[in-house]
file data-v6.txt (compact mmCIF, C-alpha atoms and all ligand atoms)
# COMPACT_ATOMS: atom_id res chain seq x y z
CA MET A 1 13.80 6.39 60.59
CA PRO A 2 10.08 7.16 60.66
CA ALA A 3 9.34 10.68 59.46
CA SER A 4 7.65 11.38 62.77
CA LEU A 5 10.92 10.92 64.65
CA ASN A 6 12.50 13.67 62.55
CA ALA A 7 9.60 15.93 63.43
CA GLN A 8 9.89 14.94 67.07
CA ILE A 9 13.59 15.84 67.15
CA LEU A 10 12.83 19.23 65.65
CA LEU A 11 10.07 19.76 68.17
CA GLY A 12 12.46 18.69 70.96
CA ALA A 13 15.02 21.25 69.75
CA LEU A 14 12.44 24.06 69.66
CA LEU A 15 11.10 23.13 73.09
CA GLY A 16 14.65 22.96 74.46
CA LEU A 17 15.51 26.43 73.14
CA SER A 18 12.34 27.94 74.60
CA LEU A 19 12.75 26.16 77.90
CA GLY A 20 16.38 27.29 78.14
CA GLY A 21 15.30 30.87 77.44
CA LEU A 22 12.68 30.62 80.16
CA PHE A 23 15.18 29.26 82.71
CA ALA A 24 17.63 32.03 81.83
CA TYR A 25 14.85 34.61 82.22
CA LEU A 26 13.77 33.24 85.63
CA GLY A 27 17.39 33.18 86.81
CA PRO A 28 19.20 30.69 89.06
CA GLU A 29 17.33 31.98 92.17
CA ALA A 30 14.01 30.57 90.98
CA SER A 31 13.68 27.06 92.31
CA ILE A 32 11.67 25.95 89.28
CA ALA A 33 14.55 26.97 87.00
CA ARG A 34 17.11 25.22 89.24
CA GLN A 35 15.08 22.02 89.35
CA GLY A 36 14.33 22.19 85.64
CA LEU A 37 18.01 22.61 84.86
CA TYR A 38 18.87 19.69 87.10
CA VAL A 39 16.41 17.45 85.26
CA CYS A 40 17.66 18.66 81.85
CA ASP A 41 21.24 18.07 82.91
CA LEU A 42 20.38 14.55 84.03
CA ILE A 43 18.45 13.66 80.88
CA GLY A 44 21.11 15.19 78.61
CA THR A 45 23.94 13.40 80.39
CA VAL A 46 22.15 10.05 80.28
CA PHE A 47 21.42 10.50 76.56
CA ILE A 48 25.09 11.17 75.81
CA ASP A 49 26.09 8.27 78.09
CA MET A 50 23.86 5.94 76.08
CA LEU A 51 25.45 7.02 72.81
CA LYS A 52 28.90 6.62 74.33
CA MET A 53 27.93 3.18 75.61
CA VAL A 54 27.59 1.85 72.07
CA LEU A 55 30.52 3.84 70.70
CA SER A 56 33.47 1.47 71.26
CA PRO A 57 31.74 -1.71 70.02
CA LEU A 58 30.32 0.18 67.07
CA VAL A 59 33.59 1.77 65.92
CA PHE A 60 35.48 -1.47 66.32
CA SER A 61 32.98 -3.70 64.52
CA SER A 62 32.16 -1.23 61.74
CA ILE A 63 35.81 -0.71 60.81
CA VAL A 64 36.71 -4.40 60.98
CA VAL A 65 33.74 -5.29 58.79
CA GLY A 66 34.36 -2.28 56.53
CA VAL A 67 38.02 -3.12 55.90
CA ALA A 68 37.40 -6.87 55.51
CA ASN A 69 34.57 -6.33 53.02
CA LEU A 70 36.45 -3.70 51.08
CA ARG A 71 39.11 -6.21 50.17
CA LEU A 72 36.41 -8.65 49.11
CA HIS A 73 35.39 -6.03 46.57
CA SER A 74 39.05 -5.41 45.69
CA GLN A 75 38.46 -1.66 46.00
CA MET A 76 40.29 -1.10 49.23
CA HIS A 77 43.15 0.90 47.78
CA LEU A 78 40.74 3.21 45.96
CA VAL A 79 38.60 3.82 49.03
CA TRP A 80 41.68 4.62 51.11
CA ARG A 81 43.00 7.01 48.53
CA TYR A 82 39.74 8.85 47.91
CA THR A 83 38.92 9.04 51.61
CA LEU A 84 42.24 10.61 52.58
CA GLY A 85 42.16 12.82 49.48
CA PHE A 86 38.70 14.09 50.38
CA PHE A 87 39.58 14.66 54.05
CA LEU A 88 42.63 16.74 53.14
CA CYS A 89 40.97 18.75 50.34
CA SER A 90 37.83 19.59 52.29
CA SER A 91 39.79 20.68 55.40
CA ALA A 92 42.11 22.78 53.23
CA LEU A 93 39.07 24.43 51.65
CA ALA A 94 37.59 25.10 55.09
CA ILE A 95 40.79 26.67 56.40
CA LEU A 96 41.21 28.85 53.30
CA LEU A 97 37.65 30.07 53.69
CA GLY A 98 38.28 30.70 57.40
CA LEU A 99 41.47 32.64 56.79
CA GLY A 100 39.88 34.62 53.95
CA ALA A 101 36.90 35.67 56.07
CA ALA A 102 39.06 36.43 59.11
CA ASN A 103 41.29 38.70 57.00
CA LEU A 104 38.32 40.36 55.38
CA PHE A 105 36.23 41.04 58.46
CA ALA A 106 39.14 41.26 60.92
CA PRO A 107 37.10 40.35 64.01
CA GLY A 108 38.70 41.47 67.23
CA LYS A 109 40.35 44.59 65.84
CA GLY A 110 37.87 46.83 67.59
CA LEU A 111 37.80 44.91 70.86
CA SER A 112 39.54 46.63 73.75
CA LEU A 113 42.44 44.79 75.27
CA ALA A 114 41.23 45.73 78.76
CA LEU A 115 38.17 43.60 78.28
CA PHE A 116 40.38 40.88 76.93
CA THR A 117 42.43 40.83 80.14
CA GLN A 118 39.38 41.14 82.39
CA THR A 119 37.84 38.00 81.03
CA ARG A 120 41.06 36.07 81.32
CA GLN A 121 40.63 32.84 83.20
CA PRO A 122 43.17 30.41 84.57
CA ILE A 123 44.01 27.93 81.89
CA THR A 124 44.70 24.33 82.70
CA ALA A 125 45.63 22.91 79.32
CA GLN A 126 49.32 22.22 79.03
CA ASN A 127 51.43 24.07 76.49
CA MET A 128 52.55 21.90 73.63
CA SER A 129 54.98 22.66 70.86
CA LEU A 130 54.46 21.17 67.41
CA SER A 131 57.00 18.41 68.00
CA GLU A 132 55.58 17.59 71.43
CA PHE A 133 52.15 17.47 69.92
CA ALA A 134 53.34 15.10 67.16
CA THR A 135 54.99 12.80 69.72
CA HIS A 136 51.89 12.82 71.88
CA PHE A 137 49.67 12.17 68.85
CA PHE A 138 51.63 9.21 67.46
CA HIS A 139 52.21 7.77 70.89
CA GLY A 140 48.46 7.73 71.49
CA LEU A 141 47.75 5.70 68.36
CA PHE A 142 49.05 2.35 69.58
CA VAL A 143 47.37 1.40 72.81
CA ASN A 144 46.37 -1.88 74.43
CA PRO A 145 43.12 -2.56 72.55
CA PHE A 146 41.27 -3.65 75.68
CA ALA A 147 42.22 -0.43 77.44
CA ALA A 148 41.29 1.56 74.34
CA LEU A 149 37.89 -0.17 74.11
CA ALA A 150 37.25 0.26 77.81
CA GLN A 151 38.20 3.93 77.82
CA GLY A 152 36.49 4.77 74.54
CA ASN A 153 39.79 5.92 73.00
CA VAL A 154 38.41 6.18 69.47
CA MET A 155 41.65 6.88 67.60
CA ALA A 156 43.39 3.83 69.14
CA ILE A 157 40.32 1.67 68.47
CA VAL A 158 40.36 2.80 64.83
CA ILE A 159 44.02 1.78 64.48
CA PHE A 160 43.53 -1.63 66.09
CA ALA A 161 40.36 -2.30 64.08
CA LEU A 162 42.20 -1.41 60.86
CA LEU A 163 44.86 -3.99 61.77
CA VAL A 164 42.29 -6.67 62.66
CA GLY A 165 40.42 -5.99 59.41
CA ALA A 166 43.64 -6.23 57.43
CA ALA A 167 44.56 -9.49 59.23
CA ILE A 168 41.16 -10.98 58.40
CA VAL A 169 41.73 -10.06 54.77
CA ALA A 170 45.25 -11.54 54.83
CA GLY A 171 43.98 -14.75 56.45
CA GLY A 172 41.29 -15.22 53.80
CA GLU A 173 38.83 -18.04 54.50
CA ARG A 174 40.65 -18.95 57.69
CA TYR A 175 39.01 -16.14 59.71
CA ARG A 176 35.60 -16.32 58.06
CA ASN A 177 33.82 -17.10 61.36
CA ILE A 178 35.33 -14.11 63.08
CA LEU A 179 34.17 -11.89 60.24
CA VAL A 180 30.62 -13.28 60.35
CA LEU A 181 30.53 -12.88 64.12
CA THR A 182 31.76 -9.28 63.89
CA GLN A 183 29.20 -8.58 61.17
CA GLU A 184 26.35 -9.88 63.33
CA PHE A 185 27.68 -7.98 66.30
CA LEU A 186 27.61 -4.80 64.23
CA GLU A 187 24.00 -5.38 63.17
CA LEU A 188 23.04 -6.00 66.77
CA THR A 189 24.75 -2.81 67.94
CA LEU A 190 22.93 -0.82 65.26
CA ARG A 191 19.66 -2.22 66.52
CA ILE A 192 20.47 -0.85 69.98
CA VAL A 193 21.33 2.50 68.37
CA GLY A 194 17.84 2.51 66.85
CA TRP A 195 16.33 2.12 70.31
CA ILE A 196 18.47 4.91 71.72
CA MET A 197 17.40 7.18 68.85
CA ARG A 198 13.79 6.86 69.91
CA LEU A 199 14.84 8.84 72.99
CA SER A 200 16.68 11.47 70.99
CA PRO A 201 13.90 14.13 70.95
CA LEU A 202 14.03 14.19 74.73
CA GLY A 203 17.84 14.19 74.79
CA VAL A 204 18.09 17.03 72.26
CA MET A 205 15.52 19.06 74.17
CA ALA A 206 17.36 18.67 77.48
CA LEU A 207 20.79 19.44 76.05
CA LEU A 208 19.67 22.58 74.24
CA ALA A 209 17.69 23.86 77.24
CA LYS A 210 20.79 23.56 79.40
CA LEU A 211 23.01 25.17 76.80
CA VAL A 212 20.79 28.22 76.37
CA ALA A 213 20.16 28.64 80.11
CA THR A 214 23.79 28.44 81.23
CA GLN A 215 25.54 30.66 78.68
CA LYS A 216 26.75 33.97 80.04
CA LEU A 217 25.17 36.22 77.45
CA GLU A 218 26.72 39.46 78.65
CA LEU A 219 30.20 38.01 78.22
CA MET A 220 29.36 37.01 74.70
CA HIS A 221 28.14 40.43 73.77
CA SER A 222 31.53 41.93 73.03
CA LEU A 223 32.55 38.89 71.04
CA LEU A 224 29.52 39.05 68.77
CA GLN A 225 31.52 40.05 65.76
CA PHE A 226 33.85 37.09 66.12
CA ILE A 227 30.96 34.74 66.77
CA GLY A 228 29.17 36.11 63.70
CA VAL A 229 32.17 35.58 61.44
CA VAL A 230 32.86 32.07 62.75
CA VAL A 231 29.24 30.93 62.57
CA GLY A 232 28.72 32.62 59.19
CA THR A 233 31.76 31.07 57.52
CA THR A 234 31.16 27.66 59.09
CA LEU A 235 27.62 27.73 57.70
CA VAL A 236 28.86 28.88 54.28
CA HIS A 237 31.20 25.88 54.27
CA GLY A 238 28.53 23.49 55.52
CA PHE A 239 25.54 24.74 53.55
CA ILE A 240 27.14 26.00 50.34
CA LEU A 241 30.63 24.66 49.66
CA LEU A 242 30.28 21.07 50.90
CA PRO A 243 26.86 20.49 49.29
CA LEU A 244 28.18 22.07 46.07
CA LEU A 245 31.17 19.74 46.12
CA LEU A 246 28.79 16.86 46.72
CA TYR A 247 26.55 17.89 43.86
CA LEU A 248 29.41 18.44 41.42
CA LEU A 249 31.08 15.13 42.22
CA THR A 250 28.06 12.90 42.70
CA GLY A 251 24.94 14.65 41.44
CA VAL A 252 23.26 14.21 44.85
CA GLY A 253 21.14 17.29 45.47
CA PHE A 254 20.94 19.59 48.47
CA LEU A 255 17.48 18.51 49.61
CA ARG A 256 18.07 14.80 49.25
CA PHE A 257 21.26 15.07 51.28
CA PHE A 258 19.86 17.18 54.10
CA ARG A 259 16.72 15.09 54.37
CA GLY A 260 18.86 12.00 54.90
CA ALA A 261 21.44 13.68 57.13
CA ARG A 262 19.12 15.75 59.32
CA GLU A 263 19.00 13.34 62.25
CA ALA A 264 22.81 13.19 62.56
CA LEU A 265 23.25 16.95 62.06
CA MET A 266 20.83 17.77 64.85
CA THR A 267 22.42 15.23 67.19
CA ALA A 268 25.86 16.71 66.43
CA PHE A 269 24.52 20.21 67.08
CA ALA A 270 23.04 19.18 70.41
CA THR A 271 25.89 16.98 71.69
CA SER A 272 28.89 18.93 70.27
CA SER A 273 30.60 15.61 69.87
CA SER A 274 31.35 13.82 66.61
CA SER A 275 32.13 10.65 68.56
CA ALA A 276 28.87 10.65 70.50
CA THR A 277 27.03 11.32 67.24
CA LEU A 278 28.85 8.55 65.38
CA PRO A 279 26.18 5.88 65.86
CA VAL A 280 23.59 8.24 64.40
CA THR A 281 25.91 9.37 61.59
CA LEU A 282 26.51 5.79 60.58
CA ARG A 283 22.81 5.05 60.61
CA CYS A 284 21.95 8.09 58.48
CA THR A 285 24.77 7.41 56.02
CA GLU A 286 23.82 3.79 55.48
CA GLN A 287 20.07 3.80 55.88
CA HIS A 288 18.97 7.24 54.64
CA LEU A 289 21.75 8.18 52.25
CA HIS A 290 22.19 4.60 51.02
CA VAL A 291 25.96 4.38 51.23
CA LYS A 292 27.16 0.78 51.23
CA PRO A 293 28.05 -0.38 54.76
CA GLU A 294 31.60 -1.31 53.78
CA ILE A 295 32.27 2.26 52.64
CA ALA A 296 30.32 4.09 55.35
CA GLY A 297 31.78 1.73 57.98
CA PHE A 298 35.23 2.86 56.98
CA VAL A 299 34.84 6.55 56.10
CA VAL A 300 32.49 7.63 58.91
CA PRO A 301 34.36 6.31 61.99
CA LEU A 302 37.70 7.46 60.60
CA GLY A 303 36.17 10.83 59.74
CA ALA A 304 34.68 11.24 63.22
CA THR A 305 38.17 11.60 64.62
CA ALA A 306 40.26 12.75 61.67
CA ASN A 307 37.99 14.80 59.40
CA MET A 308 36.85 18.02 61.07
CA ASP A 309 36.28 20.86 58.65
CA GLY A 310 34.43 22.98 61.19
CA THR A 311 37.22 22.59 63.72
CA ALA A 312 39.97 23.34 61.18
CA LEU A 313 38.16 26.48 60.03
CA TYR A 314 37.60 27.59 63.62
CA GLU A 315 41.19 27.05 64.71
CA ALA A 316 42.50 29.22 61.87
CA GLN A 317 39.99 32.00 62.53
CA ALA A 318 40.58 31.94 66.26
CA ALA A 319 44.33 32.31 65.73
CA LEU A 320 43.77 35.43 63.61
CA PHE A 321 41.28 36.75 66.15
CA VAL A 322 43.78 36.33 68.96
CA ALA A 323 46.44 38.00 66.82
CA ASN A 324 44.11 40.97 66.36
CA LEU A 325 43.46 41.15 70.09
CA ALA A 326 47.15 41.08 70.77
CA GLY A 327 47.74 43.75 68.12
CA VAL A 328 49.87 41.43 65.99
CA ASP A 329 49.63 41.39 62.18
CA LEU A 330 50.29 37.91 60.85
CA ASN A 331 52.22 37.93 57.58
CA PHE A 332 51.77 35.43 54.75
CA GLY A 333 54.34 32.95 56.11
CA GLN A 334 52.75 33.06 59.54
CA GLN A 335 49.31 32.49 58.05
CA LEU A 336 50.74 29.53 56.18
CA ALA A 337 51.93 28.14 59.51
CA VAL A 338 48.41 28.69 60.86
CA PHE A 339 47.05 26.84 57.82
CA PHE A 340 49.15 23.72 58.39
CA THR A 341 48.91 23.60 62.16
CA SER A 342 45.14 24.07 61.99
CA MET A 343 44.95 21.04 59.76
CA VAL A 344 47.05 18.90 62.10
CA ALA A 345 45.20 20.25 65.14
CA ALA A 346 41.84 19.28 63.62
CA ILE A 347 43.07 15.79 62.74
CA GLY A 348 44.44 15.37 66.25
CA ALA A 349 41.36 16.67 68.07
CA PRO A 350 39.19 13.84 69.38
CA GLY A 351 35.48 14.09 68.59
CA ILE A 352 34.44 15.37 71.99
CA PRO A 353 33.11 18.78 73.13
CA SER A 354 35.71 21.55 73.11
CA ALA A 355 38.52 19.24 71.99
CA GLY A 356 39.49 21.84 69.42
CA MET A 357 40.26 24.29 72.23
CA VAL A 358 43.01 22.05 73.55
CA THR A 359 44.67 21.39 70.21
CA MET A 360 44.43 25.10 69.38
CA ILE A 361 47.32 25.74 71.76
CA MET A 362 49.52 24.26 69.08
CA VAL A 363 48.20 26.64 66.42
CA LEU A 364 48.73 29.70 68.62
CA GLN A 365 52.23 28.61 69.53
CA SER A 366 53.21 28.02 65.93
CA VAL A 367 53.08 31.78 65.36
CA GLY A 368 54.11 32.86 68.85
CA LEU A 369 50.70 34.07 70.02
CA PRO A 370 49.86 34.07 73.74
CA VAL A 371 48.34 30.73 74.68
CA GLU A 372 46.54 32.42 77.59
CA ALA A 373 44.30 34.04 74.99
CA ILE A 374 42.36 30.81 74.90
CA ALA A 375 40.74 32.06 78.10
CA ILE A 376 38.67 34.54 76.14
CA LEU A 377 37.50 31.87 73.76
CA LEU A 378 36.47 29.40 76.44
CA PRO A 379 33.24 31.12 77.49
CA ILE A 380 31.93 31.12 73.92
CA ASP A 381 33.31 27.78 72.93
CA ARG A 382 30.29 25.77 73.92
CA LEU A 383 28.18 27.89 71.60
CA LEU A 384 30.55 27.72 68.62
CA ASP A 385 31.20 24.02 69.15
CA THR A 386 27.58 23.23 68.21
CA VAL A 387 27.87 24.56 64.66
CA ARG A 388 31.40 23.34 64.00
CA THR A 389 30.59 19.81 65.21
CA MET A 390 27.55 19.78 62.93
CA VAL A 391 29.76 20.64 59.94
CA ASN A 392 32.40 18.12 61.07
CA VAL A 393 29.77 15.38 60.99
CA GLU A 394 28.31 16.62 57.72
CA GLY A 395 31.77 16.33 56.14
CA ASP A 396 31.93 12.64 57.08
CA MET A 397 28.58 11.88 55.45
CA ILE A 398 29.41 13.88 52.32
CA GLY A 399 32.81 12.16 52.19
CA SER A 400 31.10 8.75 52.27
CA LEU A 401 28.82 9.67 49.38
CA ILE A 402 31.70 11.06 47.32
CA VAL A 403 33.96 8.07 48.01
CA GLN A 404 31.14 5.72 47.09
CA LYS A 405 30.48 7.53 43.82
CA LEU A 406 34.17 7.69 42.88
CA THR A 407 34.86 4.04 43.65
CA THR A 408 31.67 2.36 42.50
CA GLY A 409 29.94 4.94 40.34
CA ARG A 410 26.88 4.56 42.58
CA LYS A 411 25.04 7.58 44.07
N1 LIG B 501 33.46 19.07 69.29
C1 LIG B 501 34.12 18.83 68.04
C2 LIG B 501 33.69 17.47 67.50
O1 LIG B 501 33.36 16.59 68.25
C3 LIG B 501 35.59 18.88 68.14
C4 LIG B 501 36.00 20.28 68.47
O2 LIG B 501 36.08 20.63 69.62
O3 LIG B 501 36.22 21.05 67.55
O4 LIG B 501 33.69 17.26 66.31

call {"tool": "encode", "arguments": {"input": "data-v6.txt", "output": "structure tokens", "more": "lines below"}}
Ligand code: ASP
result
Amino acid sequence: MPASLNAQILLGALLGLSLGGLFAYLGPEASIARQGLYVCDLIGTVFIDMLKMVLSPLVFSSIVVGVANLRLHSQMHLVWRYTLGFFLCSSALAILLGLGAANLFAPGKGLSLALFTQTRQPITAQNMSLSEFATHFFHGLFVNPFAALAQGNVMAIVIFALLVGAAIVAGGERYRNILVLTQEFLELTLRIVGWIMRLSPLGVMALLAKLVATQKLELMHSLLQFIGVVVGTTLVHGFILLPLLLYLLTGVGFLRFFRGAREALMTAFATSSSSATLPVTLRCTEQHLHVKPEIAGFVVPLGATANMDGTALYEAQAALFVANLAGVDLNFGQQLAVFFTSMVAAIGAPGIPSAGMVTMIMVLQSVGLPVEAIAILLPIDRLLDTVRTMVNVEGDMIGSLIVQKLTTGRK
């Protein structure tokens, strides 16, 4: 990516924040603000639509090519093992940090319950027990691949692509043409992603302007403590723990990583969707961070749906926050339940905005907390989703670098 595009994205973000502030200041009565918001909404939606357009072909082709090439290098078993190992360890670390901070700062203890009930909103998400969630999750993995591709069902596409990749490997030379075709298709898709990225400064500007202008600030006021703790710990995980882990395991420094990852982190922040960001994440991981395509093509798409440190951390903290609001003290065993369900909930959450809110029902239910409490979290979710999605995406890029170093010794 040319350096100027990085600068343009940053400029777009700053412009978007200022524009959003201006719209909020003018208020919805001012026709200029209304029209401006309409245009921002349109541009932002089209930008996300473009990223989603390339999502299904990209996930499918990158995993097929990734799996098929891994076997060629006879490292497949190692990559699998290190990838899953990293995903589990980094989420566990995130949840422990989240629980530690939530216990220490106890956000929500001072918040009056009256306010809590006032802000209650009707909730549409269905209640799911752990077993129902597990059934739903496993049932959703095996889907008609054409339906999955058409609907952008990333988890099901990942599963089918893994099978196709494995079949290509098993067939050896027999399926060589299919592999070459898929490889070329992947290159072609990445070229389109490059074109879409040229529009990203505009997309980021529009999305941030809309976000800032449409948040109900007064509602957020009383939740500032919770927001502060969540954002603070998510940033500690993303800017201290993960980079430290990266440095210790690979020797890749803070600056080198963030310079290469910047484009994807900003897109994740602006879109609040790991899946929509995936094309950019893949590009940054391969082209700026120099991870081999067969490793990035496997770790990044899988991570976009299954590796969400920010979401795991948030789910655990939100459960403790709700417990505080409800005046319930969670004991060690209950916090352990929160730990495990947060991990499953983060794996099960698709990489779309506010997905973590839906799977959080499971975490709350695991310790008998009122599911309705989600209503108080909804108004601030859009804000918190920005930072947690950024850390989710960062975890996928760091995971790729670590897996590459552990399997090939290359930085
Ligand atoms: N928006 C997050 C993501 O796409 C998922 C979540 O809601 O936590 O990574």

call {"tool": "residues_near_ligand", "arguments": {"input": "data-v6.txt", "ligand": "ligand LIG 501 (chain B)", "cutoff": "7 Å", "atoms": "only C-alpha atoms and all ligand atoms", "output": "PyMOL selection string"}}
result
chain A and resi 272-275+304+308+310-311+349-357+385+388-389+392-393

call {"tool": "atom_distance", "arguments": {"input": "data-v6.txt", "atom1": "atom CA of A:Phe226", "atom2": "atom CA of A:Ala106"}}
result
8.5 Å

call {"tool": "atom_distance", "arguments": {"input": "data-v6.txt", "atom1": "atom CA of A:Ala68", "atom2": "atom CA of A:Val169"}}
result
5.4 Å

call {"tool": "closest_residue", "arguments": {"input": "data-v6.txt", "among": "A:Leu186, A:Thr271, A:Ile402, A:Leu211", "to": "A:Tyr247", "atoms": "all atoms listed in the file"}}
result
A:Ile402

call {"tool": "residues_near_point", "arguments": {"input": "data-v6.txt", "point": "(21.4, 14.2, 69.3)", "cutoff": "7 Å", "atoms": "all atoms listed in the file", "output": "ChimeraX atom specification"}}
result
/A:200,203-204,264,266-268,270-271,277

call {"tool": "write_last_selection", "arguments": {"input": "data-v6.txt", "atoms": "C-alpha atoms", "output": "compact mmCIF listing (two decimals), in the coordinates of the input"}}
result
# COMPACT_ATOMS: atom_id res chain seq x y z
CA SER A 200 16.68 11.47 70.99
CA GLY A 203 17.84 14.19 74.79
CA VAL A 204 18.09 17.03 72.26
CA ALA A 264 22.81 13.19 62.56
CA MET A 266 20.83 17.77 64.85
CA THR A 267 22.42 15.23 67.19
CA ALA A 268 25.86 16.71 66.43
CA ALA A 270 23.04 19.18 70.41
CA THR A 271 25.89 16.98 71.69
CA THR A 277 27.03 11.32 67.24

call {"tool": "closest_residue", "arguments": {"input": "data-v6.txt", "among": "A:Val46, A:Leu141, A:Val403, A:Leu336", "to": "A:Leu84", "atoms": "all atoms listed in the file"}}
result
A:Val403

call {"tool": "closest_residue", "arguments": {"input": "data-v6.txt", "among": "A:Val252, A:Ala276, A:Ala147, A:Leu401", "to": "A:Val291", "atoms": "all atoms listed in the file"}}
result
A:Leu401

call {"tool": "closest_residue", "arguments": {"input": "data-v6.txt", "among": "A:Val231, A:Val54, A:Met76, A:Val236", "to": "A:Leu188", "atoms": "all atoms listed in the file"}}
result
A:Val54

call {"tool": "closest_residue", "arguments": {"input": "data-v6.txt", "among": "A:Leu320, A:Leu265, A:Val59, A:Ile227", "to": "A:Leu10", "atoms": "only C-alpha atoms"}}
result
A:Leu265

call {"tool": "closest_residue", "arguments": {"input": "data-v6.txt", "among": "A:Thr281, A:Thr386, A:Ser131, A:Gln35", "to": "A:Leu207", "atoms": "all atoms listed in the file"}}
result
A:Thr386

call {"tool": "atom_distance", "arguments": {"input": "data-v6.txt", "atom1": "atom CA of A:Leu406", "atom2": "atom CA of A:Phe269"}}
result
28.9 Å

call {"tool": "residues_around", "arguments": {"input": "data-v6.txt", "residues": "A:Val344", "least_positions_apart": "5", "cutoff": "9 Å", "atoms": "all atoms listed in the file", "output": "short mmCIF file (atom, residue, chain, number, x, y, z; two decimals) with C-alpha atoms, in the coordinates of the input"}}
result
data_model
loop_
_atom_site.label_atom_id
_atom_site.label_comp_id
_atom_site.auth_asym_id
_atom_site.auth_seq_id
_atom_site.Cartn_x
_atom_site.Cartn_y
_atom_site.Cartn_z
CA ALA A 134 53.34 15.10 67.16
CA ALA A 312 39.97 23.34 61.18
CA ALA A 349 41.36 16.67 68.07
CA THR A 359 44.67 21.39 70.21
CA VAL A 363 48.20 26.64 66.42
#

call {"tool": "residues_around", "arguments": {"input": "data-v6.txt", "residues": "A:Ala318", "least_positions_apart": "3", "cutoff": "9 Å", "atoms": "all atoms listed in the file", "output": "PDB file with C-alpha atoms, in the frame of the given file"}}
result
ATOM      1  CA  ALA A 102      39.060  36.430  59.110  1.00  0.00           C
ATOM      2  CA  PHE A 226      33.850  37.090  66.120  1.00  0.00           C
ATOM      3  CA  VAL A 230      32.860  32.070  62.750  1.00  0.00           C
ATOM      4  CA  LEU A 313      38.160  26.480  60.030  1.00  0.00           C
ATOM      5  CA  TYR A 314      37.600  27.590  63.620  1.00  0.00           C
ATOM      6  CA  GLU A 315      41.190  27.050  64.710  1.00  0.00           C
ATOM      7  CA  PHE A 321      41.280  36.750  66.150  1.00  0.00           C
ATOM      8  CA  VAL A 322      43.780  36.330  68.960  1.00  0.00           C
ATOM      9  CA  ALA A 323      46.440  38.000  66.820  1.00  0.00           C
ATOM     10  CA  MET A 360      44.430  25.100  69.380  1.00  0.00           C
ATOM     11  CA  LEU A 364      48.730  29.700  68.620  1.00  0.00           C
ATOM     12  CA  ILE A 374      42.360  30.810  74.900  1.00  0.00           C
ATOM     13  CA  LEU A 377      37.500  31.870  73.760  1.00  0.00           C
TER      14      LEU A 377
END
